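Quick look at protein39.txt (compact mmCIF, C-alpha atoms):
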```
# COMPACT_ATOMS: atom_id res chain seq x y z
CA MET R 1 -52.68 -55.77 19.94
CA GLU R 2 -50.52 -55.68 23.08
CA GLN R 3 -46.76 -55.29 22.74
CA GLU R 4 -45.95 -58.83 23.89
CA GLU R 5 -48.50 -60.35 21.52
CA LEU R 6 -47.23 -58.22 18.64
CA ALA R 7 -43.67 -59.35 19.38
CA THR R 8 -44.60 -63.04 19.10
CA TRP R 9 -46.48 -62.56 15.85
CA LEU R 10 -43.61 -60.60 14.34
CA ARG R 11 -41.19 -63.29 15.45
CA LEU R 12 -43.27 -65.95 13.70
CA VAL R 13 -43.59 -63.94 10.48
CA LEU R 14 -39.90 -62.97 10.41
CA THR R 15 -38.48 -66.43 11.16
CA PRO R 16 -36.46 -67.51 8.08
CA GLY R 17 -37.84 -70.56 6.30
CA VAL R 18 -41.22 -70.43 8.02
CA GLY R 19 -43.90 -69.28 5.61
CA ASN R 20 -47.65 -68.99 5.92
CA ASP R 21 -48.30 -72.71 5.41
CA THR R 22 -45.88 -73.80 8.13
CA ALA R 23 -47.14 -71.10 10.48
CA ARG R 24 -50.74 -72.21 10.05
CA LYS R 25 -49.74 -75.82 10.64
CA LEU R 26 -47.97 -74.86 13.86
CA MET R 27 -50.89 -72.79 15.15
CA ALA R 28 -53.34 -75.56 14.32
CA ALA R 29 -51.25 -77.93 16.40
CA PHE R 30 -50.12 -75.73 19.28
CA GLY R 31 -52.24 -72.57 19.38
CA SER R 32 -51.04 -68.97 19.28
CA PRO R 33 -47.46 -67.92 18.54
CA SER R 34 -46.84 -67.28 22.23
CA ASP R 35 -47.82 -70.92 22.93
CA LEU R 36 -45.62 -72.45 20.24
CA PHE R 37 -42.55 -70.40 21.20
CA SER R 38 -42.70 -71.96 24.68
CA LEU R 39 -42.21 -75.45 23.23
CA ASP R 40 -38.93 -77.35 23.14
CA ALA R 41 -37.00 -78.31 20.03
CA SER R 42 -38.10 -81.95 19.93
CA THR R 43 -41.79 -81.06 20.07
CA LEU R 44 -41.45 -78.50 17.31
CA ALA R 45 -39.30 -80.84 15.22
CA GLN R 46 -42.04 -83.48 15.26
CA ALA R 47 -44.35 -80.96 13.59
CA VAL R 48 -42.09 -79.13 11.13
CA GLY R 49 -38.74 -80.93 11.10
CA PRO R 50 -35.46 -80.15 12.90
CA ALA R 51 -34.28 -77.31 10.62
CA LYS R 52 -37.43 -75.23 10.98
CA ALA R 53 -37.65 -76.06 14.68
CA ALA R 54 -34.13 -74.73 15.19
CA ALA R 55 -35.01 -71.56 13.26
CA LEU R 56 -38.07 -71.01 15.42
CA LEU R 57 -36.03 -71.23 18.59
CA ARG R 58 -33.63 -68.50 17.41
CA GLU R 59 -34.71 -64.89 17.54
CA PRO R 60 -34.89 -63.63 13.94
CA PRO R 61 -32.36 -60.95 12.95
CA GLY R 62 -33.85 -57.49 13.26
CA LEU R 63 -36.84 -58.55 15.38
CA GLN R 64 -36.34 -55.90 18.05
CA ALA R 65 -35.81 -53.16 15.49
CA GLN R 66 -38.97 -54.22 13.65
CA LEU R 67 -40.95 -54.29 16.88
CA ASP R 68 -39.71 -50.83 17.84
CA SER R 69 -40.54 -49.32 14.44
CA THR R 70 -43.99 -50.93 14.42
CA LEU R 71 -44.82 -49.61 17.88
CA LEU R 72 -43.63 -46.16 16.88
CA TRP R 73 -45.76 -46.31 13.72
CA LEU R 74 -48.82 -47.35 15.73
CA ASP R 75 -48.30 -44.53 18.20
CA SER R 76 -47.92 -41.84 15.54
CA PRO R 77 -51.30 -41.72 13.77
CA GLN R 78 -52.10 -39.19 11.10
CA GLN R 79 -54.93 -36.79 11.78
CA ASP R 80 -58.27 -38.61 11.52
CA VAL R 81 -56.56 -41.77 10.22
CA ALA R 82 -56.20 -44.86 12.40
CA ARG R 83 -53.34 -47.36 12.30
CA ARG R 84 -53.76 -51.01 13.19
CA VAL R 85 -51.94 -54.31 12.97
CA LEU R 86 -54.27 -57.30 12.75
CA HIS R 87 -53.49 -61.01 12.94
CA VAL R 88 -55.63 -63.87 11.65
CA GLY R 89 -57.14 -64.42 15.09
CA ASP R 90 -58.10 -60.77 15.60
CA VAL R 91 -61.82 -59.94 15.66
CA GLY R 92 -61.15 -57.03 13.28
CA TYR R 93 -59.43 -59.21 10.67
CA PRO R 94 -61.50 -59.27 7.43
CA CYS R 95 -63.62 -62.41 7.34
CA ALA R 96 -63.45 -62.49 3.55
CA LEU R 97 -59.71 -63.20 3.73
CA LEU R 98 -60.20 -66.04 6.20
CA ASP R 99 -62.17 -67.84 3.51
CA THR R 100 -59.23 -67.77 1.08
CA GLU R 101 -56.59 -70.46 0.68
CA ASP R 102 -53.68 -68.33 1.85
CA PRO R 103 -54.77 -65.51 4.19
CA PRO R 104 -51.91 -63.28 5.37
CA LEU R 105 -50.85 -63.97 8.95
CA MET R 106 -50.69 -60.25 9.69
CA LEU R 107 -52.31 -57.25 8.06
CA TYR R 108 -51.18 -53.67 8.51
CA VAL R 109 -54.01 -51.17 8.06
CA LEU R 110 -53.91 -47.42 7.54
CA GLY R 111 -57.48 -46.10 7.57
CA ASN R 112 -60.73 -46.13 9.47
CA ILE R 113 -62.33 -49.58 9.56
CA GLY R 114 -64.07 -49.23 12.91
CA SER R 115 -67.44 -50.22 11.46
CA GLY R 116 -66.06 -53.28 9.70
CA TRP R 117 -64.96 -54.16 6.20
CA PRO R 118 -67.42 -53.11 3.47
CA ALA R 119 -68.83 -55.01 0.52
CA ALA R 120 -66.31 -54.36 -2.23
CA LEU R 121 -65.42 -55.04 -5.84
CA ALA R 122 -61.90 -55.21 -7.26
CA VAL R 123 -61.19 -52.98 -10.27
CA VAL R 124 -57.84 -53.74 -11.87
CA GLY R 125 -56.00 -53.36 -15.14
CA SER R 126 -52.96 -52.17 -17.03
CA ARG R 127 -50.31 -49.80 -15.69
CA ASN R 128 -50.14 -48.37 -19.22
CA PRO R 129 -53.77 -48.07 -20.27
CA THR R 130 -55.23 -46.32 -23.25
CA PRO R 131 -56.96 -43.02 -22.47
CA GLN R 132 -60.31 -44.79 -22.93
CA GLY R 133 -59.33 -47.58 -20.54
CA GLU R 134 -58.33 -45.09 -17.87
CA SER R 135 -61.59 -43.21 -18.35
CA ASN R 136 -63.60 -46.45 -18.13
CA ALA R 137 -61.91 -47.40 -14.86
CA ARG R 138 -62.70 -44.05 -13.32
CA LEU R 139 -66.31 -44.00 -14.50
CA PHE R 140 -67.08 -47.59 -13.49
CA ALA R 141 -65.50 -47.08 -10.06
CA ARG R 142 -67.42 -43.86 -9.55
CA SER R 143 -70.73 -45.56 -10.33
CA LEU R 144 -69.91 -48.57 -8.14
CA ALA R 145 -69.09 -46.26 -5.23
CA GLN R 146 -72.34 -44.35 -5.79
CA SER R 147 -74.10 -47.69 -5.38
CA GLY R 148 -72.44 -48.32 -2.02
CA LEU R 149 -69.66 -50.68 -3.07
CA ALA R 150 -66.10 -49.99 -2.02
CA VAL R 151 -63.53 -50.33 -4.80
CA VAL R 152 -60.42 -52.44 -4.18
CA SER R 153 -57.29 -51.96 -6.26
CA GLY R 154 -53.52 -51.87 -5.98
CA LEU R 155 -52.50 -48.17 -6.01
CA ALA R 156 -50.42 -48.74 -9.15
CA LEU R 157 -50.20 -46.28 -12.01
CA GLY R 158 -52.81 -46.52 -14.73
CA ILE R 159 -56.08 -48.38 -14.14
CA ASP R 160 -55.52 -48.82 -10.38
CA GLY R 161 -55.04 -45.13 -9.77
CA ALA R 162 -58.03 -44.23 -11.95
CA ALA R 163 -60.21 -46.73 -10.07
CA HIS R 164 -59.26 -45.26 -6.68
CA GLU R 165 -59.89 -41.74 -7.99
CA GLY R 166 -63.30 -42.70 -9.37
CA ALA R 167 -64.34 -44.32 -6.10
CA LEU R 168 -63.32 -41.24 -4.13
CA GLU R 169 -65.36 -39.08 -6.52
CA GLY R 170 -68.45 -41.26 -6.29
CA ALA R 171 -68.56 -41.95 -2.57
CA ALA R 172 -70.89 -39.95 -0.37
CA PRO R 173 -69.43 -37.99 2.58
CA GLY R 174 -68.44 -40.43 5.31
CA GLN R 175 -68.76 -43.45 3.01
CA PHE R 176 -65.98 -46.04 2.94
CA ALA R 177 -64.84 -45.47 -0.65
CA THR R 178 -61.86 -47.60 -1.56
CA ILE R 179 -59.16 -50.01 -0.37
CA ALA R 180 -55.61 -49.97 -1.71
CA VAL R 181 -53.68 -53.21 -1.26
CA VAL R 182 -49.98 -52.46 -1.60
CA GLY R 183 -46.78 -54.47 -2.00
CA THR R 184 -44.63 -52.44 0.38
CA GLY R 185 -44.57 -51.58 4.05
CA LEU R 186 -47.10 -48.91 5.00
CA ASP R 187 -44.37 -46.50 6.03
CA GLN R 188 -43.78 -45.73 2.35
CA VAL R 189 -45.83 -45.07 -0.78
CA TYR R 190 -45.13 -46.69 -4.13
CA PRO R 191 -45.26 -45.27 -6.70
CA ARG R 192 -44.29 -41.90 -5.27
CA GLN R 193 -46.56 -40.14 -7.75
CA HIS R 194 -49.50 -41.48 -5.73
CA ALA R 195 -48.49 -39.98 -2.38
CA SER R 196 -51.39 -37.50 -2.40
CA LEU R 197 -53.82 -40.17 -3.60
CA ALA R 198 -52.70 -42.49 -0.80
CA GLN R 199 -53.44 -39.81 1.79
CA ARG R 200 -56.96 -39.35 0.43
CA ILE R 201 -57.55 -43.11 0.36
CA ALA R 202 -56.49 -43.42 4.00
CA ARG R 203 -58.98 -40.71 4.99
CA SER R 204 -61.90 -42.19 3.02
CA GLY R 205 -61.04 -45.88 3.05
CA ALA R 206 -57.98 -47.93 3.90
CA ILE R 207 -54.52 -48.90 2.70
CA VAL R 208 -53.51 -52.43 3.66
CA SER R 209 -50.39 -54.56 3.41
CA GLU R 210 -49.18 -57.90 4.69
CA TYR R 211 -45.57 -56.71 4.55
CA PRO R 212 -43.68 -55.41 7.60
CA LEU R 213 -42.72 -51.77 7.83
CA GLY R 214 -39.62 -50.95 5.83
CA THR R 215 -40.39 -53.48 3.08
CA PRO R 216 -39.32 -51.91 -0.24
CA PRO R 217 -41.20 -52.33 -3.54
CA LEU R 218 -39.82 -55.75 -4.44
CA ALA R 219 -41.09 -57.16 -7.74
CA ALA R 220 -42.15 -60.49 -6.21
CA ASN R 221 -44.46 -58.81 -3.70
CA PHE R 222 -46.89 -57.35 -6.21
CA PRO R 223 -48.24 -60.56 -7.80
CA ARG R 224 -48.52 -62.02 -4.30
CA ARG R 225 -50.61 -59.13 -2.97
CA ASN R 226 -53.14 -59.77 -5.76
CA ARG R 227 -54.65 -62.64 -3.77
CA ILE R 228 -55.60 -60.09 -1.09
CA ILE R 229 -57.19 -57.79 -3.68
CA ALA R 230 -59.30 -60.72 -4.89
CA GLY R 231 -59.97 -61.95 -1.36
CA LEU R 232 -61.36 -58.66 -0.07
CA SER R 233 -63.73 -58.37 -3.03
CA GLU R 234 -67.05 -59.88 -4.06
CA GLY R 235 -65.76 -60.07 -7.62
CA THR R 236 -63.09 -58.66 -9.92
CA LEU R 237 -63.55 -56.29 -12.86
CA VAL R 238 -60.69 -56.22 -15.37
CA VAL R 239 -60.90 -52.97 -17.29
CA GLU R 240 -57.96 -53.29 -19.66
CA ALA R 241 -55.07 -55.74 -19.63
CA ALA R 242 -52.45 -57.25 -21.90
CA LEU R 243 -52.11 -61.02 -22.10
CA LYS R 244 -49.28 -61.12 -19.53
CA SER R 245 -50.78 -58.51 -17.21
CA GLY R 246 -50.72 -58.99 -13.44
CA SER R 247 -54.43 -58.21 -13.55
CA LEU R 248 -55.01 -61.66 -15.02
CA ILE R 249 -53.36 -63.11 -11.90
CA THR R 250 -55.94 -61.28 -9.79
CA ALA R 251 -58.72 -62.59 -12.03
CA ARG R 252 -57.42 -66.15 -11.76
CA MET R 253 -57.25 -65.88 -7.98
CA ALA R 254 -60.81 -64.56 -7.89
CA LEU R 255 -61.96 -67.57 -9.92
CA GLU R 256 -60.09 -69.92 -7.59
CA GLN R 257 -61.95 -68.31 -4.70
CA GLY R 258 -65.27 -68.97 -6.44
CA LYS R 259 -65.95 -65.32 -7.25
CA ASP R 260 -67.22 -63.62 -10.39
CA VAL R 261 -64.84 -62.10 -12.92
CA PHE R 262 -66.01 -59.30 -15.19
CA ALA R 263 -64.25 -57.86 -18.23
CA ILE R 264 -64.78 -54.83 -20.43
CA PRO R 265 -64.27 -55.62 -24.12
CA GLY R 266 -62.12 -53.40 -26.30
CA SER R 267 -60.80 -53.09 -29.80
CA ILE R 268 -59.58 -56.30 -31.41
CA HIS R 269 -56.55 -54.30 -32.55
CA SER R 270 -55.52 -53.13 -29.07
CA THR R 271 -52.89 -55.13 -27.19
CA GLN R 272 -54.30 -53.68 -23.98
CA SER R 273 -57.63 -55.43 -24.63
CA ARG R 274 -56.29 -58.91 -25.36
CA GLY R 275 -56.21 -59.94 -21.72
CA CYS R 276 -59.87 -58.99 -21.32
CA HIS R 277 -60.79 -60.86 -24.49
CA GLU R 278 -58.97 -63.94 -23.25
CA LEU R 279 -60.91 -63.76 -19.97
CA LEU R 280 -64.17 -63.49 -21.92
CA LYS R 281 -63.25 -66.61 -23.89
CA GLN R 282 -62.71 -68.40 -20.58
CA GLY R 283 -66.13 -67.43 -19.24
CA ALA R 284 -65.70 -64.00 -17.65
CA LYS R 285 -68.84 -61.90 -17.80
CA LEU R 286 -68.86 -59.16 -20.41
CA VAL R 287 -69.97 -55.83 -18.98
CA ALA R 288 -70.63 -52.49 -20.62
CA SER R 289 -71.82 -50.60 -17.55
CA ALA R 290 -71.62 -50.64 -13.77
CA GLN R 291 -75.26 -51.72 -13.77
CA ASP R 292 -74.22 -54.92 -15.57
CA VAL R 293 -71.87 -55.68 -12.68
CA LEU R 294 -74.48 -54.95 -10.00
CA GLU R 295 -77.02 -57.22 -11.67
CA GLU R 296 -74.62 -60.15 -11.35
CA LEU R 297 -73.85 -59.73 -7.66
CA ARG R 298 -75.45 -62.05 -5.14
CA PRO R 299 -78.62 -60.81 -3.40
CA SER R 300 -76.83 -61.06 -0.05
CA VAL R 301 -74.23 -58.58 -1.32
CA LEU R 302 -76.77 -56.19 -2.82
CA ALA R 303 -78.67 -56.15 0.47
CA ARG R 304 -75.62 -54.57 2.12
CA LEU R 305 -75.50 -51.67 -0.34
CA SER R 306 -77.15 -48.28 -0.29
CA PRO R 307 -79.65 -47.54 -3.10
CA ALA R 308 -77.97 -47.00 -6.46
CA VAL R 309 -77.37 -43.40 -7.40
CA GLY R 310 -76.58 -42.44 -10.97
CA VAL R 311 -75.39 -45.86 -12.17
CA THR R 312 -74.76 -45.34 -15.86
CA ALA R 313 -72.67 -46.82 -18.59
CA PRO R 314 -69.49 -44.95 -19.41
CA GLU R 315 -70.84 -43.73 -22.70
CA SER R 316 -70.94 -40.19 -23.99
CA THR R 317 -74.11 -38.17 -23.53
CA ARG R 318 -72.72 -34.95 -24.93
CA SER R 319 -74.38 -33.32 -27.88
CA SER R 320 -71.12 -33.59 -29.81
CA ARG R 321 -71.34 -37.38 -29.93
CA ASN R 322 -72.98 -37.01 -33.37
CA ASP R 323 -70.16 -34.84 -34.68
CA PRO R 324 -69.25 -36.17 -38.17
CA LEU R 325 -65.55 -36.32 -37.32
CA LEU R 326 -66.24 -38.41 -34.21
CA GLN R 327 -68.27 -40.78 -36.33
CA LEU R 328 -65.34 -41.11 -38.73
CA LEU R 329 -62.92 -41.72 -35.84
CA GLY R 330 -64.84 -44.65 -34.42
CA PHE R 331 -63.28 -45.96 -31.21
CA ASP R 332 -60.08 -47.50 -32.56
CA PRO R 333 -56.87 -45.43 -32.68
CA VAL R 334 -56.35 -43.94 -36.13
CA SER R 335 -53.65 -41.86 -37.81
CA LEU R 336 -54.05 -38.39 -39.22
CA ASP R 337 -53.48 -39.74 -42.73
CA THR R 338 -56.33 -42.20 -42.26
CA LEU R 339 -58.65 -39.42 -41.13
CA VAL R 340 -57.67 -37.31 -44.12
CA ALA R 341 -58.57 -40.22 -46.40
CA ARG R 342 -61.86 -40.88 -44.61
CA SER R 343 -63.00 -37.29 -44.41
CA GLY R 344 -61.56 -35.69 -47.51
CA THR R 345 -60.65 -32.73 -45.30
CA GLY R 346 -57.35 -30.90 -45.53
CA ILE R 347 -54.69 -31.56 -42.91
CA ALA R 348 -54.71 -28.05 -41.44
CA GLU R 349 -58.49 -27.97 -41.03
CA LEU R 350 -58.52 -31.51 -39.64
CA GLN R 351 -55.80 -30.74 -37.09
CA ALA R 352 -57.69 -27.68 -35.89
CA ARG R 353 -60.89 -29.68 -35.44
CA LEU R 354 -59.05 -32.49 -33.64
CA LEU R 355 -57.52 -29.97 -31.25
CA GLU R 356 -60.99 -28.62 -30.43
CA LEU R 357 -62.26 -32.12 -29.71
CA GLU R 358 -59.15 -32.92 -27.67
CA LEU R 359 -59.65 -29.83 -25.50
CA ALA R 360 -63.30 -30.84 -25.04
CA GLY R 361 -62.21 -34.27 -23.81
CA GLU R 362 -63.80 -36.04 -26.78
CA VAL R 363 -60.54 -37.14 -28.44
CA ALA R 364 -57.23 -38.32 -27.00
CA ARG R 365 -53.85 -37.92 -28.69
CA LEU R 366 -51.87 -41.17 -28.47
CA PRO R 367 -48.18 -41.95 -29.00
CA GLY R 368 -47.18 -42.50 -32.61
CA GLY R 369 -49.33 -39.71 -33.99
CA LEU R 370 -52.59 -41.57 -33.40
CA PHE R 371 -55.97 -40.22 -32.26
CA GLN R 372 -58.76 -42.01 -30.41
CA ARG R 373 -62.33 -41.07 -29.70
CA MET R 374 -63.21 -41.09 -26.00
CA ALA R 375 -66.44 -42.39 -24.52
CA THR R 376 -67.09 -40.06 -21.60
CA GLY R 377 -69.67 -39.97 -18.83
```

What do you get writing this file as structure tokens?
Amino acid sequence: MEQEELATWLRLVLTPGVGNDTARKLMAAFGSPSDLFSLDASTLAQAVGPAKAAALLREPPGLQAQLDSTLLWLDSPQQDVARRVLHVGDVGYPCALLDTEDPPLMLYVLGNIGSGWPAALAVVGSRNPTPQGESNARLFARSLAQSGLAVVSGLALGIDGAAHEGALEGAAPGQFATIAVVGTGLDQVYPRQHASLAQRIARSGAIVSEYPLGTPPLAANFPRRNRIIAGLSEGTLVVEAALKSGSLITARMALEQGKDVFAIPGSIHSTQSRGCHELLKQGAKLVASAQDVLEELRPSVLARLSPAVGVTAPESTRSSRNDPLLQLLGFDPVSLDTLVARSGTGIAELQARLLELELAGEVARLPGGLFQRMATG
């Protein structure tokens, strides 16, 4: 995008009181931002009213500073990582977003998308997952990436981070692995704990945002970015979510876009599974493996993927799966006292055995003195 064109798009986006709907209405009537900014007040007022017309004719505060910082950002690429700013009329803008109700006017991209946007699936869930939920997200994402799908998520703690990690693990060298849609400007990483992960995503996928550089992690931005997560994806998999989770917003937006929603069931006693169970009641597709997801995708999507490699359910294949203590644990969190009652084993012996299983990755220690069996790949 040339500097003059970038300046007009930034001016449109930064104009107070002019949101996406008004901007689309103006462009439908008058063409590109450079065309509409050449109009007089009366012409603009006929389309959007006098107040918005007056705002459009004034240069937004901070426009020049934003233009300067964006140009500097574009001219300072990381090694092997491209930087781009796309608008809705750009040939590189993702077509999948154009088919949504509210596509962002501008999209900032950190990553290599020279060959186009890949077929992708959203994997989302709780920021505070159970150990099993986090493991499921990683294993599902790894299998989906092995099948050629990119994984879209939000770079948040918990399920999002595990999904990105799994996709990076499963992708072949040179494969577009994962897309992180963030709620800040791309000149910062939120949360900071994911700085290293963000760098790896940019090298093997892309980080995208509709927010100008310098935008901090404002709470209102994160639910809004969920429409982009859903829009870039062929469907949405909710791994684990409470009833008021932002992941359910992503699922609702996917449904509104006519896309499939998948959910992994969990324990009826777990608050982190209630959102998934509610989705299943509403018609989401229950899945127990990545293969279940792939079987539901449209033939046109599957035709774009590489042959599946190692698509398996996230279920333990270790010889210890038949361990008597694991059988007694089940998959719901249980207390040490409950295990003593079930097993008839002394506390000291039981604690030693639980520690062995924990070190082997078969059992997770939860807050409140609880233990949970892990299904591992």

For CA of Phe331 (chain R) and CA of Ser267 (chain R), the interatomic separation in Å (one decimal):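 Separation between CA of Phe331 (chain R) and CA of Ser267 (chain R): 7.7 Å.
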
One decimal, Å: what's the distance from CA of Ala28 (chain R) over to CA of Leu105 (chain R), could you say? 13.0 Å

Within 8 Å of region 179-183 of chain R using all atoms listed in the file, minus same-chain residues under 3 positions, as a PDB file with C-alpha atoms, in the frame of the given file:
```
ATOM      1  CA  ALA R 150     -66.100 -49.990  -2.020  1.00  0.00           C
ATOM      2  CA  VAL R 151     -63.530 -50.330  -4.800  1.00  0.00           C
ATOM      3  CA  VAL R 152     -60.420 -52.440  -4.180  1.00  0.00           C
ATOM      4  CA  SER R 153     -57.290 -51.960  -6.260  1.00  0.00           C
ATOM      5  CA  GLY R 154     -53.520 -51.870  -5.980  1.00  0.00           C
ATOM      6  CA  LEU R 155     -52.500 -48.170  -6.010  1.00  0.00           C
ATOM      7  CA  HIS R 164     -59.260 -45.260  -6.680  1.00  0.00           C
ATOM      8  CA  TYR R 190     -45.130 -46.690  -4.130  1.00  0.00           C
ATOM      9  CA  ILE R 201     -57.550 -43.110   0.360  1.00  0.00           C
ATOM     10  CA  GLY R 205     -61.040 -45.880   3.050  1.00  0.00           C
ATOM     11  CA  ALA R 206     -57.980 -47.930   3.900  1.00  0.00           C
ATOM     12  CA  ILE R 207     -54.520 -48.900   2.700  1.00  0.00           C
ATOM     13  CA  VAL R 208     -53.510 -52.430   3.660  1.00  0.00           C
ATOM     14  CA  SER R 209     -50.390 -54.560   3.410  1.00  0.00           C
ATOM     15  CA  GLU R 210     -49.180 -57.900   4.690  1.00  0.00           C
ATOM     16  CA  TYR R 211     -45.570 -56.710   4.550  1.00  0.00           C
ATOM     17  CA  PRO R 217     -41.200 -52.330  -3.540  1.00  0.00           C
ATOM     18  CA  LEU R 218     -39.820 -55.750  -4.440  1.00  0.00           C
ATOM     19  CA  ASN R 221     -44.460 -58.810  -3.700  1.00  0.00           C
ATOM     20  CA  PHE R 222     -46.890 -57.350  -6.210  1.00  0.00           C
ATOM     21  CA  ARG R 225     -50.610 -59.130  -2.970  1.00  0.00           C
ATOM     22  CA  ASN R 226     -53.140 -59.770  -5.760  1.00  0.00           C
ATOM     23  CA  ILE R 228     -55.600 -60.090  -1.090  1.00  0.00           C
ATOM     24  CA  ILE R 229     -57.190 -57.790  -3.680  1.00  0.00           C
TER      25      ILE R 229
END
```

What separation in Å, quoted to one decimal, exists between CA of Leu326 (chain R) and CA of Ile264 (chain R)?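 Pair CA of Leu326 (chain R) / CA of Ile264 (chain R) returns 21.5 Å.
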
Within 7 Å of file point (-60.6, -53.9, 10.5), counting all atoms listed in the file, expressed as a ChimeraX atom specification: /R:92-94,113-114,116-117

List every protein, DNA or RNA residue that has at least one atom no more than 10 Å from (-68.2, -59.2, -1.1) in the file's coordinates, counting only C-alpha atoms, and write the result as a compact mmCIF listing (two decimals) with C-alpha atoms, keeping the file's coordinate frame.
```
# COMPACT_ATOMS: atom_id res chain seq x y z
CA ALA R 96 -63.45 -62.49 3.55
CA TRP R 117 -64.96 -54.16 6.20
CA PRO R 118 -67.42 -53.11 3.47
CA ALA R 119 -68.83 -55.01 0.52
CA ALA R 120 -66.31 -54.36 -2.23
CA LEU R 121 -65.42 -55.04 -5.84
CA ALA R 122 -61.90 -55.21 -7.26
CA LEU R 149 -69.66 -50.68 -3.07
CA ALA R 150 -66.10 -49.99 -2.02
CA ALA R 230 -59.30 -60.72 -4.89
CA GLY R 231 -59.97 -61.95 -1.36
CA LEU R 232 -61.36 -58.66 -0.07
CA SER R 233 -63.73 -58.37 -3.03
CA GLU R 234 -67.05 -59.88 -4.06
CA GLY R 235 -65.76 -60.07 -7.62
CA LYS R 259 -65.95 -65.32 -7.25
CA LEU R 297 -73.85 -59.73 -7.66
CA ARG R 298 -75.45 -62.05 -5.14
CA SER R 300 -76.83 -61.06 -0.05
CA VAL R 301 -74.23 -58.58 -1.32
CA LEU R 302 -76.77 -56.19 -2.82
CA ARG R 304 -75.62 -54.57 2.12
```

Residues within 12 Å of Glu169 (chain R), please, as a PyMOL selection string. Count only C-alpha atoms; anything in the same chain fewer than 5 positions from it doesn't count. chain R and resi 138-146+150-151+162-164+175-178+197+200-201+204

Option closest in space to Trp73 (chain R), from R:Thr100, R:Asn20, R:Ser273, R:Gln188 [counting all atoms listed in the file]: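 Comparing R:Thr100, R:Asn20, R:Ser273, R:Gln188 against Trp73 (chain R), the winner is R:Gln188.
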
Tell me which protein, DNA and RNA residues are within 12 Å of Asp35 (chain R), counting all atoms listed in the file, leaving out same-chain ones fewer than 4 positions away, and put them as a list in words.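 What passes the distance filter is Glu5, Thr8, Trp9, Leu12, Leu26, Met27, Ala28, Ala29, Phe30, Gly31, Leu39, Asp40 and Leu44 of chain R.
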
Between R:Thr22, R:Gln78, R:Asn128, R:Gln193, which has the minimum distance to Thr271 (chain R) (counting all atoms listed in the file)?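 Of R:Thr22, R:Gln78, R:Asn128, R:Gln193, the one nearest Thr271 (chain R), counting all atoms listed in the file, is R:Asn128.
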